[in-house]
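Below is the file coords.cif, which contains mmCIF, C-alpha atoms and all ligand atoms.
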data_model
#
loop_
_atom_site.label_atom_id
_atom_site.label_comp_id
_atom_site.auth_asym_id
_atom_site.auth_seq_id
_atom_site.Cartn_x
_atom_site.Cartn_y
_atom_site.Cartn_z
CA MET A 42 -1.72 -7.34 12.66
CA ASN A 43 0.79 -5.62 10.45
CA PHE A 44 0.65 -7.14 6.96
CA GLN A 45 2.89 -6.45 4.01
CA ARG A 46 1.26 -4.18 1.46
CA THR A 47 1.15 -3.72 -2.28
CA ILE A 48 -1.16 -1.68 -4.54
CA LYS A 49 -4.55 -2.84 -5.82
CA LYS A 50 -4.14 -1.91 -9.49
CA PRO A 51 -1.54 -0.42 -11.85
CA VAL A 52 -1.15 3.33 -12.12
CA THR A 53 0.93 5.42 -14.57
CA LEU A 54 2.61 8.81 -14.15
CA LYS A 55 4.22 10.84 -16.94
CA GLY A 56 6.36 13.96 -16.95
CA ILE A 57 9.83 15.21 -17.68
CA GLY A 58 12.95 13.94 -15.96
CA LEU A 59 14.81 16.50 -13.86
CA HIS A 60 18.28 15.80 -15.17
CA LEU A 61 17.87 14.91 -18.84
CA GLY A 62 14.78 17.06 -19.34
CA LYS A 63 13.19 14.36 -21.49
CA GLU A 64 9.70 12.82 -21.28
CA ALA A 65 9.65 9.98 -18.79
CA ALA A 66 6.95 7.62 -17.53
CA ILE A 67 6.51 5.09 -14.77
CA THR A 68 3.85 2.47 -14.18
CA LEU A 69 3.49 1.05 -10.67
CA LYS A 70 2.22 -2.55 -10.62
CA PRO A 71 1.21 -4.85 -7.75
CA ALA A 72 3.95 -7.31 -6.63
CA GLY A 73 3.91 -10.44 -4.48
CA VAL A 74 4.97 -10.79 -0.84
CA ASN A 75 8.70 -10.41 -0.09
CA GLN A 76 9.35 -9.04 -3.61
CA GLY A 77 10.25 -5.60 -2.29
CA ILE A 78 10.33 -2.50 -4.47
CA LEU A 79 11.68 -3.32 -7.94
CA PHE A 80 12.51 -0.92 -10.79
CA GLN A 81 12.57 -2.22 -14.35
CA ARG A 82 13.51 -0.29 -17.48
CA VAL A 83 10.88 -1.34 -20.03
CA ASP A 84 12.32 0.86 -22.81
CA LEU A 85 15.38 -1.42 -22.99
CA ALA A 86 15.27 -5.00 -24.27
CA ASP A 87 16.12 -7.73 -21.74
CA SER A 88 16.53 -5.31 -18.85
CA LEU A 89 16.11 -7.12 -15.53
CA PRO A 90 14.39 -5.65 -12.46
CA ILE A 91 16.71 -3.77 -10.09
CA GLU A 92 15.96 -4.15 -6.39
CA ALA A 93 15.52 -0.81 -4.62
CA ASN A 94 18.37 -1.45 -2.20
CA PHE A 95 21.20 0.82 -1.08
CA ARG A 96 23.67 -1.75 -2.41
CA ASN A 97 22.37 -1.04 -5.92
CA VAL A 98 22.88 2.73 -5.64
CA VAL A 99 25.45 3.73 -8.27
CA ASN A 100 25.25 7.53 -8.06
CA THR A 101 24.14 10.04 -5.42
CA GLN A 102 24.96 13.28 -7.23
CA MET A 103 21.84 15.50 -7.10
CA ALA A 104 19.57 12.40 -6.95
CA THR A 105 19.57 8.74 -5.96
CA THR A 106 20.35 6.49 -8.94
CA LEU A 107 20.00 2.70 -8.97
CA GLY A 108 21.97 0.63 -11.42
CA LYS A 109 22.77 -2.88 -12.55
CA GLY A 110 25.34 -3.42 -15.32
CA ASN A 111 24.95 -0.39 -17.58
CA VAL A 112 21.22 0.04 -16.86
CA THR A 113 20.28 2.88 -14.50
CA VAL A 114 17.16 4.46 -13.04
CA SER A 115 17.61 7.89 -11.53
CA THR A 116 15.72 10.25 -9.19
CA ILE A 117 13.84 7.51 -7.37
CA GLU A 118 13.82 9.21 -3.94
CA HIS A 119 10.53 11.13 -3.96
CA LEU A 120 8.65 8.07 -5.23
CA MET A 121 10.39 5.96 -2.56
CA ALA A 122 9.33 8.49 0.08
CA ALA A 123 5.69 8.24 -1.07
CA LEU A 124 5.91 4.43 -0.94
CA HIS A 125 7.19 4.78 2.62
CA GLY A 126 4.35 7.16 3.48
CA PHE A 127 1.78 4.62 2.26
CA GLY A 128 3.57 1.68 3.89
CA ILE A 129 3.99 -0.12 0.54
CA ASP A 130 6.42 -3.06 0.77
CA ASN A 131 6.05 -4.71 -2.61
CA VAL A 132 5.63 -3.03 -5.99
CA LEU A 133 7.10 -3.26 -9.48
CA VAL A 134 7.96 0.12 -11.00
CA GLU A 135 8.21 -0.07 -14.77
CA VAL A 136 10.20 2.88 -16.07
CA VAL A 137 10.37 4.30 -19.60
CA GLY A 138 13.67 6.17 -19.81
CA PRO A 139 16.52 6.57 -17.35
CA GLU A 140 14.68 8.79 -14.88
CA VAL A 141 11.56 8.80 -12.75
CA PRO A 142 9.58 11.96 -13.68
CA ILE A 143 10.27 14.88 -11.35
CA LEU A 144 6.63 16.14 -11.55
CA ASP A 145 6.30 19.03 -9.06
CA GLY A 146 9.57 18.25 -7.23
CA SER A 147 7.77 16.82 -4.18
CA SER A 148 6.14 13.45 -3.44
CA VAL A 149 2.53 14.69 -3.72
CA PRO A 150 1.91 13.44 -7.30
CA PHE A 151 3.16 9.98 -6.27
CA CYS A 152 0.90 10.04 -3.21
CA THR A 153 -2.06 10.97 -5.43
CA ALA A 154 -1.21 8.06 -7.75
CA LEU A 155 -0.97 5.64 -4.81
CA LYS A 156 -4.38 6.82 -3.56
CA THR A 157 -5.78 6.13 -7.05
CA ALA A 158 -4.16 2.67 -7.14
CA GLY A 159 -5.35 1.77 -3.63
CA VAL A 160 -3.43 -0.09 -0.95
CA GLN A 161 -3.76 -3.88 -0.68
CA ASN A 162 -2.87 -5.81 2.46
CA GLN A 163 -1.06 -9.07 1.69
CA SER A 164 -0.99 -12.45 3.42
CA ALA A 165 2.48 -12.25 4.97
CA PRO A 166 3.41 -10.23 8.04
CA ARG A 167 5.75 -7.31 7.87
CA THR A 168 9.18 -7.54 9.45
CA ALA A 169 11.26 -4.61 10.64
CA LEU A 170 14.88 -3.88 11.37
CA ALA A 171 15.43 -2.65 14.92
CA ILE A 172 18.61 -0.67 15.52
CA LYS A 173 20.44 -2.19 18.50
CA ARG A 174 23.30 0.28 19.01
CA ARG A 175 24.49 3.70 17.92
CA VAL A 176 25.99 3.94 14.43
CA GLU A 177 27.39 7.12 12.93
CA VAL A 178 28.97 8.47 9.75
CA LYS A 179 30.76 11.80 9.36
CA LEU A 180 31.74 13.42 6.07
CA ALA A 181 33.45 16.74 6.89
CA GLU A 182 30.70 19.06 8.21
CA LYS A 183 27.91 16.61 7.42
CA TRP A 184 26.97 13.78 9.73
CA ALA A 185 24.38 11.07 10.31
CA VAL A 186 23.70 9.09 13.48
CA VAL A 187 21.17 6.35 14.19
CA GLU A 188 20.30 5.09 17.65
CA PRO A 189 17.84 2.57 19.11
CA SER A 190 14.25 3.83 19.45
CA SER A 191 10.76 2.34 19.69
CA ARG A 192 9.86 3.81 16.28
CA LEU A 193 11.35 5.39 13.17
CA GLU A 194 12.41 8.98 13.76
CA VAL A 195 14.21 11.38 11.44
CA HIS A 196 15.57 14.53 13.02
CA ALA A 197 16.94 16.58 10.11
CA SER A 198 18.82 19.86 10.37
CA ILE A 199 20.46 22.14 7.83
CA ASP A 200 22.58 25.23 8.21
CA TRP A 201 22.82 27.19 4.98
CA ASP A 202 24.56 30.51 4.75
CA HIS A 203 21.67 32.02 2.79
CA PRO A 204 19.23 34.70 3.97
CA SER A 205 16.17 32.64 2.97
CA ILE A 206 17.36 29.38 4.60
CA GLY A 207 19.79 29.63 7.56
CA PHE A 208 19.42 27.02 10.32
CA GLN A 209 16.29 24.85 10.08
CA GLU A 210 15.34 21.60 11.79
CA PHE A 211 12.46 19.18 11.50
CA HIS A 212 11.66 16.15 13.61
CA TYR A 213 9.63 13.41 11.92
CA VAL A 214 8.25 10.71 14.22
CA GLU A 215 6.58 7.73 12.54
CA GLY A 216 3.00 7.38 13.71
CA LYS A 217 2.96 10.87 15.20
CA THR A 218 4.01 13.18 12.36
CA SER A 219 1.55 13.19 9.47
CA PHE A 220 3.22 12.39 6.14
CA GLU A 221 1.41 15.47 4.75
CA GLU A 222 3.75 17.60 6.87
CA ILE A 223 6.60 16.74 4.51
CA SER A 224 5.07 15.21 1.35
CA ALA A 225 4.58 18.55 -0.46
CA ALA A 226 8.06 19.91 0.30
CA ARG A 227 9.85 20.45 -3.01
CA THR A 228 13.45 19.95 -4.04
CA PHE A 229 15.44 23.16 -4.20
CA GLY A 230 18.47 24.69 -5.86
CA PHE A 231 20.37 27.91 -6.40
CA LEU A 232 20.35 30.06 -9.51
CA ARG A 233 24.12 30.52 -9.24
CA ASP A 234 24.62 26.73 -9.68
CA VAL A 235 22.24 26.31 -12.60
CA GLU A 236 24.63 27.06 -15.48
CA ALA A 237 27.44 24.90 -14.07
CA LEU A 238 25.07 21.96 -13.45
CA LYS A 239 23.58 22.27 -16.94
CA LYS A 240 27.09 22.15 -18.43
CA MET A 241 27.57 18.89 -16.50
CA GLY A 242 24.39 17.54 -18.13
CA LEU A 243 22.40 17.82 -14.90
CA ILE A 244 19.05 19.52 -14.14
CA LEU A 245 18.29 20.06 -17.85
CA GLY A 246 14.60 19.64 -16.96
CA GLY A 247 14.75 21.84 -13.86
CA SER A 248 12.40 24.82 -13.68
CA LEU A 249 10.23 26.79 -11.27
CA GLU A 250 7.55 24.15 -12.03
CA ASN A 251 9.51 21.40 -10.29
CA ALA A 252 11.89 23.04 -7.82
CA VAL A 253 12.23 25.92 -5.41
CA VAL A 254 14.93 28.14 -6.93
CA LEU A 255 16.79 30.81 -4.95
CA ASP A 256 18.99 33.68 -6.08
CA SER A 257 21.53 35.14 -3.66
CA ALA A 258 18.76 36.40 -1.35
CA LEU A 259 15.26 35.31 -2.29
CA VAL A 260 13.01 32.49 -3.43
CA LEU A 261 12.25 33.12 -7.13
CA ASN A 262 9.07 31.03 -7.39
CA PRO A 263 6.16 33.47 -7.69
CA GLU A 264 3.95 31.27 -5.48
CA GLY A 265 6.55 31.31 -2.68
CA LEU A 266 7.11 28.43 -0.28
CA ARG A 267 4.65 25.68 0.67
CA TYR A 268 5.94 25.59 4.27
CA PRO A 269 8.06 28.30 5.94
CA ASP A 270 10.78 25.66 6.46
CA GLU A 271 10.17 23.78 3.20
CA PHE A 272 13.93 23.18 2.71
CA VAL A 273 14.51 21.05 5.80
CA ARG A 274 11.16 19.29 5.34
CA HIS A 275 12.37 18.27 1.88
CA LYS A 276 15.55 16.95 3.50
CA ALA A 277 13.40 14.79 5.81
CA LEU A 278 11.40 13.59 2.78
CA ASP A 279 14.59 12.66 0.89
CA ALA A 280 15.86 10.80 3.97
CA LEU A 281 12.67 8.74 4.29
CA GLY A 282 12.87 7.91 0.58
CA ASP A 283 16.51 6.88 0.78
CA PHE A 284 16.06 4.91 4.02
CA LYS A 285 13.44 2.80 2.25
CA LEU A 286 16.47 1.48 0.35
CA ALA A 287 17.14 -0.62 3.45
CA GLY A 288 14.45 -2.85 1.92
CA ILE A 289 12.75 -3.14 5.30
CA GLN A 290 11.10 -0.77 7.78
CA ILE A 291 13.75 0.64 10.13
CA VAL A 292 12.93 1.09 13.80
CA GLY A 293 15.49 3.59 15.03
CA SER A 294 16.11 7.29 15.52
CA PHE A 295 18.18 9.12 12.89
CA LYS A 296 19.80 12.48 13.47
CA LEU A 297 21.00 14.03 10.22
CA HIS A 298 22.92 17.27 9.81
CA ARG A 299 23.47 18.73 6.33
CA ALA A 300 22.86 15.24 5.00
CA GLY A 301 22.18 14.23 1.43
CA HIS A 302 21.83 11.11 -0.67
CA ASP A 303 25.51 10.15 -0.22
CA LEU A 304 25.30 10.26 3.56
CA HIS A 305 21.95 8.39 3.60
CA ARG A 306 23.54 5.54 1.66
CA SER A 307 26.64 5.59 3.87
CA ILE A 308 24.71 5.31 7.14
CA LEU A 309 22.69 2.37 5.78
CA ALA A 310 25.90 0.67 4.65
CA GLU A 311 27.41 1.26 8.09
CA VAL A 312 24.36 -0.25 9.85
CA PHE A 313 24.44 -3.36 7.66
CA LYS A 314 28.21 -3.77 7.96
CA ASP A 315 27.87 -5.44 11.37
CA PRO A 316 24.89 -7.67 12.25
CA ALA A 317 25.36 -6.67 15.90
CA ASN A 318 24.01 -3.24 14.92
CA TYR A 319 20.49 -4.54 14.26
CA GLU A 320 17.93 -7.25 14.76
CA ILE A 321 15.19 -8.37 12.38
CA ILE A 322 11.92 -8.35 14.32
CA GLU A 323 8.36 -9.34 13.60
CA THR A 324 5.90 -6.48 13.71
CA ALA A 325 2.94 -8.88 13.61
CA THR A 326 0.97 -9.22 16.82
CA ASP A 327 -1.99 -11.39 15.80
CA ALA A 328 -1.42 -14.93 17.12
CA GLY A 329 -3.83 -16.31 14.51
CA ALA A 330 -1.83 -14.95 11.59
CA GLU A 331 -0.03 -17.03 9.03
CA ALA A 332 3.23 -18.44 10.42
CA PRO A 333 5.87 -15.80 9.76
CA ALA A 334 8.83 -18.16 9.47
CA ALA A 335 8.98 -18.23 5.66
CA SER A 336 8.78 -14.50 5.42
CA LYS A 337 11.43 -14.07 8.06
CA ILE A 338 13.81 -16.41 6.28
CA ALA A 339 13.24 -14.71 2.93
CA VAL A 340 13.95 -11.33 4.46
CA ALA A 341 17.03 -12.59 6.31
CA ALA A 342 18.35 -14.02 3.03
CA ARG A 343 17.96 -10.70 1.29
CA PHE A 344 20.02 -9.00 3.98
CA ALA A 345 22.79 -11.55 4.18
CA VAL A 346 25.99 -9.58 3.61
ZN ZN B 401 14.67 15.44 -3.05
#
Could you take the file, read its structure, and then write that structure out as structure tokens?
Ligand SMILES: [Zn+2]
Amino acid sequence: MNFQRTIKKPVTLKGIGLHLGKEAAITLKPAGVNQGILFQRVDLADSLPIEANFRNVVNTQMATTLGKGNVTVSTIEHLMAALHGFGIDNVLVEVVGPEVPILDGSSVPFCTALKTAGVQNQSAPRTALAIKRRVEVKLAEKWAVVEPSSRLEVHASIDWDHPSIGFQEFHYVEGKTSFEEISAARTFGFLRDVEALKKMGLILGGSLENAVVLDSALVLNPEGLRYPDEFVRHKALDALGDFKLAGIQIVGSFKLHRAGHDLHRSILAEVFKDPANYEIIETATDAGAEAPAASKIAVAARFAV
């Protein structure tokens, strides 16, 4: 039986935000069945929860940012990836400030927090979205394709004209690939871009503590890389985080080349554009389980275009 999941108790994480460089904090709290992942700015009066859904993504420059009205929450992707890794369907994320803390630039601190909080099975079964036919998006040299498969797969590749990166690929297969194979992969950037990005008000909190930084030839972090192909593994991690913005587990095989947050949002939008592209399926198998009809209807309503 595949039940929806939340966390057992609240857990708080604090640290600086990557882009503004200011102290930020989040508290994850248990949420009821079919609530989904919700982000709520608690430092602003009367700020309503924002559903973690690709339709609420308002910016994809250097991070995935959710927004509603003039309220935004940025850099959600590594937390979303950890929530995917733990199979969490329902949680309220209270956020102090406009950014989720960057921590070490990977999803490990979020995974540690989720272990502390504990995972709680809920009474309703989990549904999934099965891809029924090939969907693709191309943006110049970047592309994303998703095809039918019996499980979620993310085949990520990058091709960077840099002596420490070059061509790398990583194939994540849900249920086969351990989440630990990607969870510690850190975000990365180039020294030559740092000044320009800082002038744009981005990565003000970026440092060797929370990102892999490269000069024109080498990795500058004294500790080196956590995996020889840490760059493409981080791409797979970002993709899993962003695909959780479907609001439902996807059963399909993604192939992503030079993808980023913009392309991840675009391929989800393309899938949801035509209901013939997908089917909502029950993942429950226990005949004695609670009737899934209510849950199915609630989920279908959330995905009505
Ligand atoms: Zn990332």
Out of A:Asp87, A:Asp145, A:Asp256, A:Glu210, which residue has the shortest atom-to-atom distance to Leu297 (chain A) when counting all atoms listed in the file?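 Among the listed residues, the smallest separation from Leu297 (chain A) belongs to A:Glu210.
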Taking only C-alpha atoms and all ligand atoms and a cut-off of 10 Å, can you tell me which residues surround ligand ZN 401 (chain B), written as a VMD selection string? chain A and resid 103 to 105 116 to 120 122 143 146 to 148 226 to 229 252 272 274 to 280 282 to 283 301 to 302
Who sits within 12 Å of Asp130 (chain A), only C-alpha atoms, same chain under 2 positions skipped, as a PyMOL selection string: chain A and resi 43-48+71-79+92-93+121-128+132-133+160-163+165-169+285-290+340
Separation of CA of Val112 (chain A) and CA of His60 (chain A), in Å?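 These atoms are spaced 16.1 Å apart.
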Selected residue, from A:Ile308, A:Ala86, A:Ala300, A:Leu54, that lies nearest to Glu182 (chain A) when counting all atoms listed in the file: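 Selected residue with least distance to Glu182 (chain A): A:Ala300.
Across A:Ala258, A:Ala154, A:Leu245, A:Leu309, the tightest approach to Arg233 (chain A) is made by A:Ala258 when counting all atoms listed in the file.
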Which distance in Å separates CA of Thr157 (chain A) and CA of Ile129 (chain A), to one decimal?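 Straight-line distance from CA of Thr157 (chain A) to CA of Ile129 (chain A) works out to 13.9 Å.
Ranking A:Val178, A:Val99, A:Leu238, A:Ile91 by their shortest atom-to-atom distance to Ala310 (chain A), with all atoms listed in the file included, puts A:Val178 first.
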Mind completing region 188-212 of chain A with N, CA and C atoms? Output as an mmCIF file, in the coordinates of the input, please?
data_model
loop_
_atom_site.group_PDB
_atom_site.id
_atom_site.type_symbol
_atom_site.label_atom_id
_atom_site.label_comp_id
_atom_site.auth_asym_id
_atom_site.auth_seq_id
_atom_site.Cartn_x
_atom_site.Cartn_y
_atom_site.Cartn_z
ATOM 1 N N GLU A 188 20.286 5.691 16.317
ATOM 2 C CA GLU A 188 20.300 5.090 17.650
ATOM 3 C C GLU A 188 19.026 4.271 17.864
ATOM 4 N N PRO A 189 19.050 3.351 18.839
ATOM 5 C CA PRO A 189 17.840 2.570 19.110
ATOM 6 C C PRO A 189 16.665 3.475 19.505
ATOM 7 N N SER A 190 15.469 3.096 19.100
ATOM 8 C CA SER A 190 14.250 3.830 19.450
ATOM 9 C C SER A 190 13.077 2.871 19.271
ATOM 10 N N SER A 191 11.938 3.218 19.821
ATOM 11 C CA SER A 191 10.760 2.340 19.690
ATOM 12 C C SER A 191 10.059 2.540 18.354
ATOM 13 N N ARG A 192 10.481 3.548 17.581
ATOM 14 C CA ARG A 192 9.860 3.810 16.280
ATOM 15 C C ARG A 192 10.851 4.529 15.380
ATOM 16 N N LEU A 193 10.478 4.668 14.097
ATOM 17 C CA LEU A 193 11.350 5.390 13.170
ATOM 18 C C LEU A 193 11.238 6.894 13.434
ATOM 19 N N GLU A 194 12.379 7.528 13.617
ATOM 20 C CA GLU A 194 12.410 8.980 13.760
ATOM 21 C C GLU A 194 13.488 9.532 12.838
ATOM 22 N N VAL A 195 13.205 10.687 12.249
ATOM 23 C CA VAL A 195 14.210 11.380 11.440
ATOM 24 C C VAL A 195 14.263 12.822 11.922
ATOM 25 N N HIS A 196 15.377 13.163 12.544
ATOM 26 C CA HIS A 196 15.570 14.530 13.020
ATOM 27 C C HIS A 196 16.594 15.170 12.066
ATOM 28 N N ALA A 197 16.083 15.992 11.139
ATOM 29 C CA ALA A 197 16.940 16.580 10.110
ATOM 30 C C ALA A 197 17.241 18.027 10.456
ATOM 31 N N SER A 198 18.486 18.441 10.220
ATOM 32 C CA SER A 198 18.820 19.860 10.370
ATOM 33 C C SER A 198 19.733 20.287 9.226
ATOM 34 N N ILE A 199 19.598 21.559 8.856
ATOM 35 C CA ILE A 199 20.460 22.140 7.830
ATOM 36 C C ILE A 199 20.941 23.494 8.327
ATOM 37 N N ASP A 200 22.036 23.926 7.812
ATOM 38 C CA ASP A 200 22.580 25.230 8.210
ATOM 39 C C ASP A 200 23.194 25.830 6.957
ATOM 40 N N TRP A 201 22.403 26.672 6.266
ATOM 41 C CA TRP A 201 22.820 27.190 4.980
ATOM 42 C C TRP A 201 23.079 28.671 5.123
ATOM 43 N N ASP A 202 24.226 29.087 4.677
ATOM 44 C CA ASP A 202 24.560 30.510 4.750
ATOM 45 C C ASP A 202 23.827 31.243 3.621
ATOM 46 N N HIS A 203 22.521 31.376 3.791
ATOM 47 C CA HIS A 203 21.670 32.020 2.790
ATOM 48 C C HIS A 203 20.530 32.707 3.534
ATOM 49 N N PRO A 204 20.233 33.953 3.193
ATOM 50 C CA PRO A 204 19.230 34.700 3.970
ATOM 51 C C PRO A 204 17.833 34.079 3.989
ATOM 52 N N SER A 205 17.506 33.262 2.982
ATOM 53 C CA SER A 205 16.170 32.640 2.970
ATOM 54 C C SER A 205 16.165 31.246 3.599
ATOM 55 N N ILE A 206 17.340 30.741 4.028
ATOM 56 C CA ILE A 206 17.360 29.380 4.600
ATOM 57 C C ILE A 206 17.910 29.421 6.036
ATOM 58 N N GLY A 207 19.219 29.610 6.214
ATOM 59 C CA GLY A 207 19.790 29.630 7.560
ATOM 60 C C GLY A 207 19.700 28.278 8.238
ATOM 61 N N PHE A 208 19.545 28.274 9.571
ATOM 62 C CA PHE A 208 19.420 27.020 10.320
ATOM 63 C C PHE A 208 17.951 26.616 10.367
ATOM 64 N N GLN A 209 17.664 25.384 10.001
ATOM 65 C CA GLN A 209 16.290 24.850 10.080
ATOM 66 C C GLN A 209 16.389 23.421 10.596
ATOM 67 N N GLU A 210 15.382 23.006 11.375
ATOM 68 C CA GLU A 210 15.340 21.600 11.790
ATOM 69 C C GLU A 210 13.911 21.094 11.768
ATOM 70 N N PHE A 211 13.783 19.801 11.541
ATOM 71 C CA PHE A 211 12.460 19.180 11.500
ATOM 72 C C PHE A 211 12.581 17.780 12.083
ATOM 73 N N HIS A 212 11.643 17.445 12.937
ATOM 74 C CA HIS A 212 11.660 16.150 13.610
ATOM 75 C C HIS A 212 10.439 15.348 13.169
#
